[in-house]
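See below for data-v1.cif, which holds mmCIF, C-alpha atoms.
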```cif
data_entry
#
loop_
_atom_site.label_atom_id
_atom_site.label_comp_id
_atom_site.auth_asym_id
_atom_site.auth_seq_id
_atom_site.Cartn_x
_atom_site.Cartn_y
_atom_site.Cartn_z
CA MET G 1319 -13.39 -11.61 59.16
CA ASP G 1320 -16.23 -13.33 57.32
CA TYR G 1321 -14.85 -13.26 53.78
CA MET G 1322 -17.91 -14.91 52.28
CA SER G 1323 -20.09 -12.12 53.66
CA ARG G 1324 -18.00 -9.67 51.68
CA ALA G 1325 -18.35 -11.85 48.59
CA LEU G 1326 -22.12 -11.84 49.04
CA GLU G 1327 -22.13 -8.04 49.33
CA LEU G 1328 -20.24 -7.87 46.06
CA ALA G 1329 -22.68 -10.28 44.39
CA ASP G 1330 -25.58 -8.05 45.39
CA LEU G 1331 -23.90 -5.12 43.62
CA ALA G 1332 -24.25 -7.03 40.36
CA LEU G 1333 -27.98 -7.83 40.58
CA GLY G 1334 -29.84 -6.49 37.57
CA ARG G 1335 -26.61 -6.06 35.62
CA THR G 1336 -25.60 -9.58 34.61
CA SER G 1337 -28.68 -11.41 33.29
CA PRO G 1338 -29.00 -14.01 31.96
CA ASN G 1339 -25.76 -14.76 33.81
CA PRO G 1340 -25.72 -15.12 37.61
CA ALA G 1341 -24.66 -12.29 39.91
CA VAL G 1342 -21.50 -13.48 41.66
CA GLY G 1343 -19.05 -11.98 44.13
CA ALA G 1344 -15.46 -13.09 44.72
CA VAL G 1345 -12.77 -12.25 47.26
CA VAL G 1346 -9.07 -13.22 47.18
CA VAL G 1347 -7.50 -13.60 50.63
CA LYS G 1348 -3.81 -13.99 51.50
CA ASN G 1349 -2.27 -14.02 54.97
CA GLY G 1350 -5.62 -12.96 56.44
CA LEU G 1351 -5.96 -9.90 54.20
CA ILE G 1352 -8.22 -9.23 51.23
CA VAL G 1353 -5.90 -8.62 48.30
CA GLY G 1354 -8.46 -8.62 45.52
CA GLU G 1355 -12.21 -8.58 45.04
CA GLY G 1356 -14.74 -8.32 42.25
CA TYR G 1357 -18.24 -9.00 41.01
CA THR G 1358 -19.68 -10.23 37.72
CA GLN G 1359 -19.62 -7.71 34.90
CA PRO G 1360 -22.33 -7.40 32.23
CA PRO G 1361 -22.66 -10.30 29.75
CA GLY G 1362 -19.61 -10.65 27.55
CA PHE G 1363 -17.26 -9.19 30.13
CA ALA G 1364 -15.27 -10.66 33.00
CA HIS G 1365 -16.78 -12.88 35.67
CA ALA G 1366 -16.31 -12.15 39.36
CA GLU G 1367 -13.37 -14.53 39.84
CA VAL G 1368 -11.39 -13.04 36.96
CA VAL G 1369 -11.98 -9.48 38.22
CA ALA G 1370 -10.86 -10.43 41.74
CA LEU G 1371 -7.78 -12.30 40.51
CA ALA G 1372 -6.76 -9.38 38.29
CA ALA G 1373 -7.07 -7.05 41.28
CA ALA G 1374 -4.92 -9.40 43.39
CA GLY G 1375 -2.24 -9.75 40.73
CA ARG G 1376 0.77 -11.73 41.96
CA ASN G 1377 -0.76 -11.92 45.43
CA ALA G 1378 -3.21 -14.52 44.07
CA ASP G 1379 -0.41 -17.12 44.08
CA GLY G 1380 -0.95 -19.25 47.18
CA ALA G 1381 -4.09 -17.32 48.14
CA ASP G 1382 -7.60 -18.47 49.06
CA LEU G 1383 -10.57 -17.58 46.88
CA TYR G 1384 -14.07 -17.05 48.31
CA VAL G 1385 -16.80 -17.05 45.67
CA THR G 1386 -20.58 -17.20 45.92
CA LEU G 1387 -21.13 -19.60 42.99
CA GLU G 1388 -19.17 -22.48 41.47
CA PRO G 1389 -16.65 -21.14 38.91
CA CYS G 1390 -17.52 -21.88 35.29
CA CYS G 1391 -15.45 -24.45 33.40
CA HIS G 1392 -16.66 -23.95 29.83
CA HIS G 1393 -16.14 -21.49 27.01
CA GLY G 1394 -19.08 -19.12 26.61
CA ARG G 1395 -18.67 -15.45 25.85
CA THR G 1396 -15.62 -15.56 28.11
CA PRO G 1397 -12.99 -18.26 28.86
CA PRO G 1398 -13.45 -20.67 31.80
CA CYS G 1399 -12.93 -19.14 35.22
CA THR G 1400 -11.42 -22.41 36.40
CA ASP G 1401 -8.53 -21.90 33.97
CA ALA G 1402 -7.86 -18.44 35.42
CA ILE G 1403 -7.98 -19.75 38.99
CA ILE G 1404 -5.57 -22.58 38.24
CA ALA G 1405 -3.18 -20.30 36.32
CA ALA G 1406 -3.14 -17.77 39.19
CA GLY G 1407 -1.86 -20.38 41.65
CA VAL G 1408 -4.80 -20.20 44.06
CA ARG G 1409 -4.43 -22.85 46.77
CA SER G 1410 -8.06 -23.19 47.89
CA VAL G 1411 -11.54 -22.21 46.77
CA HIS G 1412 -14.47 -21.71 49.13
CA LEU G 1413 -17.79 -21.56 47.27
CA SER G 1414 -21.33 -21.15 48.54
CA MET G 1415 -23.24 -23.20 46.00
CA LEU G 1416 -22.88 -25.29 42.87
CA ASP G 1417 -23.89 -23.77 39.56
CA PRO G 1418 -27.04 -25.58 38.28
CA PHE G 1419 -26.21 -24.73 34.66
CA PRO G 1420 -25.77 -28.15 32.96
CA ARG G 1421 -22.36 -27.32 31.48
CA VAL G 1422 -21.04 -26.57 34.98
CA ASP G 1423 -22.99 -28.26 37.83
CA GLY G 1424 -20.04 -29.84 39.65
CA ARG G 1425 -17.66 -29.89 36.71
CA GLY G 1426 -16.03 -26.67 37.88
CA VAL G 1427 -15.30 -28.24 41.25
CA ASP G 1428 -13.91 -31.35 39.55
CA ALA G 1429 -11.58 -29.26 37.39
CA LEU G 1430 -10.22 -27.38 40.39
CA ARG G 1431 -9.71 -30.51 42.47
CA HIS G 1432 -8.06 -32.27 39.53
CA ALA G 1433 -5.55 -29.38 39.49
CA GLY G 1434 -4.77 -29.96 43.18
CA ILE G 1435 -6.82 -27.05 44.54
CA ALA G 1436 -8.73 -27.67 47.77
CA VAL G 1437 -12.45 -26.90 47.40
CA GLU G 1438 -15.01 -26.36 50.16
CA ILE G 1439 -18.72 -26.08 49.33
CA GLY G 1440 -21.72 -24.74 51.23
CA GLU G 1441 -20.61 -21.67 53.16
CA ARG G 1442 -23.55 -19.20 53.37
CA LEU G 1443 -25.49 -21.39 50.96
CA ASP G 1444 -28.94 -19.96 51.76
CA ASP G 1445 -27.79 -16.38 51.27
CA ALA G 1446 -26.10 -17.17 47.97
CA ALA G 1447 -29.17 -19.07 46.76
CA ARG G 1448 -31.36 -16.11 47.64
CA ILE G 1449 -29.26 -13.74 45.55
CA ASN G 1450 -29.32 -16.06 42.54
CA ARG G 1451 -32.81 -17.52 42.88
CA ALA G 1452 -33.83 -15.94 39.58
CA PHE G 1453 -30.86 -17.49 37.80
CA VAL G 1454 -31.48 -20.91 39.33
CA HIS G 1455 -35.18 -20.70 38.45
CA PHE G 1456 -34.39 -19.69 34.88
CA VAL G 1457 -31.91 -22.54 34.42
CA ARG G 1458 -34.41 -25.09 35.74
CA THR G 1459 -37.57 -23.81 34.04
CA GLY G 1460 -36.53 -21.57 31.15
CA ARG G 1461 -38.95 -18.95 32.54
CA PRO G 1462 -38.17 -15.64 34.24
CA PHE G 1463 -38.51 -15.46 38.02
CA VAL G 1464 -41.61 -13.37 38.72
CA THR G 1465 -42.09 -11.21 41.81
CA VAL G 1466 -45.52 -9.65 42.33
CA LYS G 1467 -45.47 -6.58 44.55
CA TRP G 1468 -48.29 -4.55 46.01
CA ALA G 1469 -49.00 -2.09 48.81
CA MET G 1470 -52.25 -2.32 50.71
CA THR G 1471 -54.01 -0.99 53.77
CA LEU G 1472 -54.70 -3.05 56.86
CA ASP G 1473 -58.16 -3.80 55.50
CA GLY G 1474 -56.71 -5.14 52.28
CA LYS G 1475 -57.27 -2.25 49.86
CA ILE G 1476 -54.77 -1.13 47.21
CA ALA G 1477 -56.73 2.05 46.42
CA THR G 1478 -59.85 3.89 47.46
CA ARG G 1479 -63.21 3.43 45.71
CA THR G 1480 -62.29 6.42 43.48
CA GLY G 1481 -59.04 4.74 42.41
CA ASP G 1482 -56.76 6.98 44.47
CA SER G 1483 -53.62 5.03 45.44
CA ARG G 1484 -51.08 7.79 46.17
CA TRP G 1485 -49.73 6.87 48.51
CA VAL G 1486 -50.73 3.65 50.24
CA SER G 1487 -47.28 2.97 51.69
CA GLY G 1488 -44.71 5.29 53.22
CA ASP G 1489 -41.46 6.78 51.96
CA ALA G 1490 -39.27 3.97 53.29
CA SER G 1491 -41.35 1.33 51.50
CA ARG G 1492 -41.26 3.25 48.23
CA ARG G 1493 -37.48 3.54 48.44
CA LEU G 1494 -37.25 -0.21 48.94
CA VAL G 1495 -39.43 -0.74 45.85
CA HIS G 1496 -36.99 1.31 43.83
CA ARG G 1497 -34.18 -0.88 45.09
CA GLU G 1498 -36.18 -3.93 43.97
CA ARG G 1499 -36.62 -2.34 40.56
CA ASP G 1500 -32.90 -1.72 40.47
CA ALA G 1501 -32.27 -5.46 40.92
CA SER G 1502 -34.77 -6.38 38.18
CA ASP G 1503 -34.44 -6.88 34.45
CA ALA G 1504 -38.02 -5.89 33.66
CA ILE G 1505 -40.94 -4.07 35.32
CA VAL G 1506 -44.42 -5.19 34.21
CA VAL G 1507 -47.72 -3.32 34.59
CA GLY G 1508 -51.11 -3.41 32.93
CA VAL G 1509 -52.48 -0.61 30.79
CA GLY G 1510 -55.01 0.16 33.54
CA THR G 1511 -52.17 1.26 35.82
CA VAL G 1512 -50.78 3.47 33.04
CA LEU G 1513 -54.16 5.09 32.43
CA LEU G 1514 -54.93 5.61 36.11
CA ASP G 1515 -51.53 6.52 37.60
CA ASP G 1516 -49.41 7.62 34.60
CA PRO G 1517 -46.29 6.08 36.21
CA LEU G 1518 -42.68 6.49 35.11
CA LEU G 1519 -41.64 2.96 36.19
CA THR G 1520 -38.02 4.08 36.43
CA VAL G 1521 -35.42 3.45 39.13
CA ARG G 1522 -35.08 6.54 41.28
CA LEU G 1523 -32.50 6.14 44.02
CA ASP G 1524 -30.57 8.94 45.65
CA PRO G 1525 -26.78 8.52 45.17
CA SER G 1526 -26.39 8.61 48.94
CA GLU G 1527 -28.56 5.51 49.28
CA ASP G 1528 -27.47 1.89 49.05
CA VAL G 1529 -27.09 1.80 45.29
CA ARG G 1530 -25.54 -0.98 43.23
CA ALA G 1531 -22.98 -0.83 40.45
CA PRO G 1532 -23.80 1.21 37.33
CA ARG G 1533 -25.97 -0.77 34.96
CA PRO G 1534 -25.53 -0.81 31.17
CA VAL G 1535 -29.28 -0.46 30.51
CA PRO G 1536 -32.25 0.37 32.76
CA PRO G 1537 -34.91 -2.25 33.48
CA LEU G 1538 -37.19 -2.89 30.53
CA ARG G 1539 -40.63 -1.37 31.17
CA VAL G 1540 -43.41 -3.62 29.90
CA VAL G 1541 -47.08 -2.64 29.51
CA LEU G 1542 -49.68 -5.39 29.01
CA ASP G 1543 -52.02 -3.61 26.64
CA SER G 1544 -54.16 -5.83 24.41
CA GLN G 1545 -55.70 -2.92 22.46
CA ALA G 1546 -52.75 -0.47 22.49
CA ARG G 1547 -54.55 2.05 24.69
CA THR G 1548 -51.33 3.40 26.22
CA PRO G 1549 -51.34 7.18 25.60
CA PRO G 1550 -48.39 8.24 23.43
CA ALA G 1551 -48.13 11.33 25.66
CA SER G 1552 -47.84 9.29 28.87
CA ARG G 1553 -44.93 9.95 31.20
CA LEU G 1554 -43.78 6.42 30.46
CA LEU G 1555 -42.92 7.50 26.91
CA ALA G 1556 -41.53 10.93 27.69
CA ASP G 1557 -37.92 11.14 26.44
CA VAL G 1558 -37.93 7.36 26.07
CA ALA G 1559 -34.60 5.71 25.25
CA PRO G 1560 -34.54 3.04 22.53
CA GLY G 1561 -35.46 -0.40 23.80
CA THR G 1562 -36.67 0.69 27.23
CA VAL G 1563 -40.48 0.46 26.83
CA LEU G 1564 -42.24 -2.57 25.37
CA ILE G 1565 -45.96 -2.45 24.70
CA ALA G 1566 -47.27 -6.03 24.70
CA THR G 1567 -50.41 -6.00 22.58
CA THR G 1568 -52.53 -8.28 20.39
CA GLU G 1569 -53.98 -8.31 16.87
CA GLN G 1570 -57.05 -6.56 18.31
CA ALA G 1571 -55.07 -3.34 18.61
CA PRO G 1572 -55.84 -0.65 15.98
CA SER G 1573 -52.91 -0.24 13.61
CA ALA G 1574 -53.13 3.56 13.82
CA GLN G 1575 -52.69 3.47 17.60
CA ILE G 1576 -49.78 1.05 17.28
CA GLN G 1577 -48.11 3.45 14.86
CA ARG G 1578 -48.58 6.35 17.28
CA LEU G 1579 -46.88 4.34 20.01
CA LEU G 1580 -44.03 3.47 17.66
CA ASP G 1581 -43.68 7.15 16.74
CA ALA G 1582 -43.53 7.97 20.47
CA GLY G 1583 -40.50 5.68 20.82
CA ALA G 1584 -42.08 2.52 22.22
CA GLU G 1585 -41.36 -0.96 20.96
CA VAL G 1586 -44.64 -2.73 20.15
CA VAL G 1587 -44.82 -6.51 20.04
CA VAL G 1588 -47.97 -8.40 19.05
CA PHE G 1589 -48.60 -11.48 21.19
CA PRO G 1590 -51.28 -14.18 21.07
CA ALA G 1591 -54.52 -13.34 22.82
CA VAL G 1592 -56.50 -15.49 25.21
CA ASP G 1593 -60.02 -14.30 25.98
CA GLY G 1594 -59.07 -10.95 24.49
CA ARG G 1595 -56.06 -10.46 26.72
CA VAL G 1596 -52.32 -10.73 26.19
CA GLU G 1597 -51.09 -14.26 26.84
CA LEU G 1598 -48.75 -14.04 29.83
CA GLN G 1599 -46.80 -17.19 28.99
CA ALA G 1600 -45.91 -15.71 25.62
CA VAL G 1601 -44.78 -12.43 27.16
CA LEU G 1602 -42.55 -14.22 29.68
CA ALA G 1603 -41.13 -16.40 26.89
CA GLU G 1604 -40.18 -13.24 24.98
CA LEU G 1605 -38.57 -11.74 28.08
CA ALA G 1606 -36.62 -14.96 28.58
CA ARG G 1607 -35.46 -14.82 24.95
CA ARG G 1608 -34.12 -11.34 25.68
CA GLY G 1609 -32.27 -12.54 28.77
CA LYS G 1610 -34.66 -10.85 31.20
CA ILE G 1611 -34.77 -13.40 34.00
CA ARG G 1612 -35.73 -11.25 37.00
CA VAL G 1613 -39.17 -9.64 36.57
CA ILE G 1614 -41.20 -7.53 38.99
CA VAL G 1615 -44.93 -7.09 38.42
CA GLU G 1616 -46.45 -3.87 39.78
CA GLY G 1617 -49.92 -4.21 38.34
CA GLY G 1618 -53.40 -3.68 39.66
CA SER G 1619 -55.72 -6.37 40.90
CA GLU G 1620 -56.60 -7.78 37.47
CA VAL G 1621 -52.97 -8.15 36.36
CA ASN G 1622 -52.03 -9.66 39.71
CA GLY G 1623 -55.00 -12.01 39.53
CA ALA G 1624 -54.05 -13.17 36.03
CA PHE G 1625 -50.49 -13.99 37.12
CA PHE G 1626 -51.76 -15.93 40.12
CA GLN G 1627 -54.46 -17.70 38.13
CA SER G 1628 -51.79 -18.77 35.65
CA SER G 1629 -49.49 -20.04 38.44
CA LEU G 1630 -46.74 -17.69 37.25
CA VAL G 1631 -45.87 -16.05 40.57
CA ASP G 1632 -42.65 -17.11 42.27
CA ARG G 1633 -42.41 -14.49 45.03
CA VAL G 1634 -44.64 -11.86 46.62
CA LEU G 1635 -43.69 -8.60 48.29
CA ILE G 1636 -46.60 -7.19 50.29
CA PHE G 1637 -46.33 -3.78 51.96
CA VAL G 1638 -49.04 -3.36 54.59
CA ALA G 1639 -49.68 0.22 55.68
CA PRO G 1640 -51.32 1.08 59.04
CA LYS G 1641 -54.35 2.62 57.36
CA LEU G 1642 -58.03 1.75 56.87
CA VAL G 1643 -59.97 2.67 53.73
CA GLY G 1644 -63.12 0.56 53.67
CA GLY G 1645 -65.65 0.41 50.88
CA LEU G 1646 -67.01 -2.53 48.92
CA ARG G 1647 -65.85 -0.98 45.65
CA ALA G 1648 -62.31 -0.25 46.80
CA PRO G 1649 -60.01 -2.68 44.93
CA THR G 1650 -58.16 -5.52 46.61
CA PRO G 1651 -54.74 -6.84 45.51
CA ILE G 1652 -55.82 -9.94 43.56
CA GLY G 1653 -58.70 -9.79 41.12
CA GLY G 1654 -60.10 -12.30 38.67
CA GLU G 1655 -62.32 -15.18 39.68
CA GLY G 1656 -60.24 -16.21 42.66
CA ARG G 1657 -60.58 -19.56 44.42
CA ASP G 1658 -63.98 -20.96 45.22
CA THR G 1659 -63.02 -22.75 48.46
CA MET G 1660 -60.50 -22.11 51.20
CA SER G 1661 -59.01 -25.53 50.54
CA LYS G 1662 -57.83 -24.20 47.17
CA ALA G 1663 -56.37 -21.00 48.59
CA ILE G 1664 -52.74 -20.23 47.69
CA ALA G 1665 -50.61 -20.56 50.79
CA LEU G 1666 -47.38 -18.66 51.28
CA GLY G 1667 -44.21 -20.44 52.32
CA ASP G 1668 -40.74 -19.25 53.31
CA LEU G 1669 -42.41 -16.32 55.02
CA THR G 1670 -40.48 -13.36 56.40
CA TRP G 1671 -41.78 -10.10 57.75
CA ARG G 1672 -40.16 -6.92 58.96
CA SER G 1673 -40.91 -3.28 59.61
CA VAL G 1674 -40.13 -0.77 56.87
CA GLY G 1675 -40.78 2.66 58.31
CA ASP G 1676 -44.36 2.57 59.57
CA ASP G 1677 -45.27 -0.28 57.21
CA LEU G 1678 -44.96 -4.05 57.49
CA LEU G 1679 -43.25 -5.91 54.65
CA ILE G 1680 -44.29 -9.53 54.13
CA GLU G 1681 -42.31 -11.66 51.70
CA GLY G 1682 -43.15 -15.20 50.71
CA ARG G 1683 -43.29 -17.89 48.06
CA PRO G 1684 -46.72 -18.92 46.75
CA ILE G 1685 -47.56 -22.58 47.27
CA ASP G 1686 -50.48 -23.33 44.96
CA SER G 1687 -52.46 -26.18 46.49
CA ALA G 1688 -55.05 -26.21 43.69
CA VAL G 1689 -54.32 -28.56 40.81
CA GLU G 1690 -56.17 -26.96 37.91
CA ASP G 1691 -55.86 -26.37 34.21
CA HIS G 1692 -54.95 -22.68 34.03
CA ALA G 1693 -54.17 -22.61 30.32
CA ALA G 1694 -57.23 -20.60 29.42
CA ALA G 1695 -56.39 -17.97 32.01
CA ASP G 1696 -52.75 -17.30 31.03
CA SER G 1697 -53.57 -13.74 30.02
CA THR G 1698 -54.17 -10.12 30.93
CA GLY G 1699 -54.09 -6.73 29.23
#
```
For this file, produce the structure as structure tokens.
Amino acid sequence: MDYMSRALELADLALGRTSPNPAVGAVVVKNGLIVGEGYTQPPGFAHAEVVALAAAGRNADGADLYVTLEPCCHHGRTPPCTDAIIAAGVRSVHLSMLDPFPRVDGRGVDALRHAGIAVEIGERLDDAARINRAFVHFVRTGRPFVTVKWAMTLDGKIATRTGDSRWVSGDASRRLVHRERDASDAIVVGVGTVLLDDPLLTVRLDPSEDVRAPRPVPPLRVVLDSQARTPPASRLLADVAPGTVLIATTEQAPSAQIQRLLDAGAEVVVFPAVDGRVELQAVLAELARRGKIRVIVEGGSEVNGAFFQSSLVDRVLIFVAPKLVGGLRAPTPIGGEGRDTMSKAIALGDLTWRSVGDDLLIEGRPIDSAVEDHAAADSTG
């Protein structure tokens, strides 16, 4: 049996529940049998290794531990996992990748080896890195990992000339988007999307589907709204729970409208403005301060364009539907000024593509070949 595969499955269950901590899975194996397993709990609670060791109990003595990330060796909100592993009598640890966090980053491995525990590194490294790419990015940059998602027709339209966008993609693609939301800490849209589509921006997955572990709080819903135009009666604010909707606005917003949004249950935060729009860098810095490290942007062309123009996109998810819309005034996925020459076009690397129902899903990492000063364009709203 591939024990690390099971550990990776467990790690995926924790996505969207552990930030700013990594999502980790762990499996304890003895005499060829899994005797304990676990995944990272929400911040302040047990890490994956501790959960798995507790499930194994006395069977952990002389067992092998498979874990998707290097065990921590420092005191944070919880004690070091290396101490628990050593105390349990584990004989070997197989880990997929080192933890880039400066207080760990190889020190966990050193602590285990110093205690006489055999350590192997690198099993299913790419898969583990994919699960924790947001965590790794956050540790290295201090900025949330941003995924920009859109659905478009074969001729590159995200809506018709009248603004109708329901539905570009099929049912299977929309279910996958909800699963992406479920793995995210925050969902970001522009006020234009709220005014046009009146979205809920919630996670809606059927219990029979491939759902993850229960999460302590839903993803934070963020609206980029420089003038506080979000309608207080929008579906977004219907029966809103405290701390679940953040309206990112600027000093241009009328105070009376801000108060109406506050009365409707939204949290309103005033950010700096650039060219009359909310400064994206400031919004992402605030999300990082709140521990929101995995962000999905589901905006229209102008919001998407602003994120690209500011070089703030780390991943794209593009759903291509087998439809044709046409029309010069039908919107395309990325607005703004765009690039003036093909030599400055943003290439996509690490490309994958697969069928999702009748649609094609393309995933990639933007590689910005243009070296420009984007400071003045770090905005939208």
_Is it possible to get the residues within 12 Å of (-50.4, -5.9, 40.3) (coordinates as in the file, counting only C-alpha atoms) written as a PyMOL selection string?_
chain G and resi 1464-1470+1476-1477+1505-1512+1541-1542+1614-1626+1631+1634-1636+1649-1654+1698-1699
*asked:* Just checking: using all atoms listed in the file, which residue out of G:Ala1582, G:Ala1556, G:Leu1598, G:Ala1364 ends up closest to Asn1339 (chain G)?
replied: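 Using all atoms listed in the file, the shortest distance to Asn1339 (chain G) belongs to G:Ala1364.
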*asked:* If I take CA of His1392 (chain G) and CA of Ser1337 (chain G), how far is one from the other in Å, to one decimal?
replied: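 Taking CA of His1392 (chain G) and CA of Ser1337 (chain G), their separation equals 17.7 Å.
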_For Arg1451 (chain G), the nearest of the candidates G:Pro1340, G:Pro1590, G:Gly1350, G:Glu1355, counting all atoms listed in the file_ =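 The closest residue to Arg1451 (chain G) is G:Pro1340.
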*From G:Val1587, G:Ser1491, G:Tyr1321, G:Ile1404, residue lying nearest Arg1672 (chain G) [all atoms listed in the file]*: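 Distance minimum relative to Arg1672 (chain G) lands on G:Ser1491.
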Could you give me the centre and size, in Å to one decimal, of an axis-aligned box around all listed atoms of region 1667-1674 of chain G with 6 Å added on every side, as lines of an AutoDock Vina configuration file?
```
center_x = -42.2
center_y = -10.6
center_z = 56.0
size_x = 16.1
size_y = 31.7
size_z = 19.3
```
*In the coordinates of the file, take the point (-42.4, -1.3, 22.3) and a cut-off of 6 Å; then, counting all atoms listed in the file, name each qualifying protein, DNA or RNA residue as an MDAnalysis selection string.*
chainID G and resid 1563:1565 1584:1586
Next, dump the selected residues to file, keeping only C-alpha atoms, as a compact mmCIF listing (two decimals), keeping the file's coordinate frame.
```txt
# COMPACT_ATOMS: atom_id res chain seq x y z
CA VAL G 1563 -40.48 0.46 26.83
CA LEU G 1564 -42.24 -2.57 25.37
CA ILE G 1565 -45.96 -2.45 24.70
CA ALA G 1584 -42.08 2.52 22.22
CA GLU G 1585 -41.36 -0.96 20.96
CA VAL G 1586 -44.64 -2.73 20.15
```
_Quick one: residues within 12 Å of Ala1639 (chain G), all atoms listed in the file, excluding same-chain residues fewer than 6 positions away - as an MDAnalysis selection string?_
chainID G and resid 1468:1477 1483 1485:1492 1673:1680
Please output region 1456-1471 of chain G, rebuilt to include N, CA and C atoms, as a CSV table (one decimal), keeping the file's coordinate frame.
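Ended up saving to rebuild14.csv:
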```csv
chain,number,residue,atom,x,y,z
G,1456,PHE,N,-34.5,-19.8,36.3
G,1456,PHE,CA,-34.4,-19.7,34.9
G,1456,PHE,C,-33.7,-20.9,34.3
G,1457,VAL,N,-32.6,-21.4,34.9
G,1457,VAL,CA,-31.9,-22.5,34.4
G,1457,VAL,C,-32.8,-23.8,34.5
G,1458,ARG,N,-33.6,-23.9,35.5
G,1458,ARG,CA,-34.4,-25.1,35.7
G,1458,ARG,C,-35.7,-25.1,35.0
G,1459,THR,N,-36.3,-23.9,34.7
G,1459,THR,CA,-37.6,-23.8,34.0
G,1459,THR,C,-37.6,-23.1,32.7
G,1460,GLY,N,-36.5,-22.3,32.4
G,1460,GLY,CA,-36.5,-21.6,31.2
G,1460,GLY,C,-37.4,-20.4,31.2
G,1461,ARG,N,-38.0,-20.1,32.4
G,1461,ARG,CA,-39.0,-19.0,32.5
G,1461,ARG,C,-38.4,-17.9,33.5
G,1462,PRO,N,-38.6,-16.7,33.3
G,1462,PRO,CA,-38.2,-15.6,34.2
G,1462,PRO,C,-38.8,-15.9,35.6
G,1463,PHE,N,-38.0,-15.4,36.6
G,1463,PHE,CA,-38.5,-15.5,38.0
G,1463,PHE,C,-39.4,-14.2,38.2
G,1464,VAL,N,-40.6,-14.4,38.6
G,1464,VAL,CA,-41.6,-13.4,38.7
G,1464,VAL,C,-41.9,-13.0,40.2
G,1465,THR,N,-41.7,-11.8,40.5
G,1465,THR,CA,-42.1,-11.2,41.8
G,1465,THR,C,-43.3,-10.3,41.6
G,1466,VAL,N,-44.4,-10.5,42.4
G,1466,VAL,CA,-45.5,-9.6,42.3
G,1466,VAL,C,-45.5,-8.8,43.6
G,1467,LYS,N,-45.6,-7.5,43.4
G,1467,LYS,CA,-45.5,-6.6,44.6
G,1467,LYS,C,-46.7,-5.7,44.6
G,1468,TRP,N,-47.2,-5.5,45.8
G,1468,TRP,CA,-48.3,-4.6,46.0
G,1468,TRP,C,-48.2,-3.9,47.4
G,1469,ALA,N,-48.8,-2.8,47.5
G,1469,ALA,CA,-49.0,-2.1,48.8
G,1469,ALA,C,-50.5,-2.0,49.1
G,1470,MET,N,-50.8,-2.3,50.4
G,1470,MET,CA,-52.2,-2.3,50.7
G,1470,MET,C,-52.4,-1.8,52.1
G,1471,THR,N,-53.7,-1.4,52.4
G,1471,THR,CA,-54.0,-1.0,53.8
G,1471,THR,C,-54.3,-2.2,54.7
```
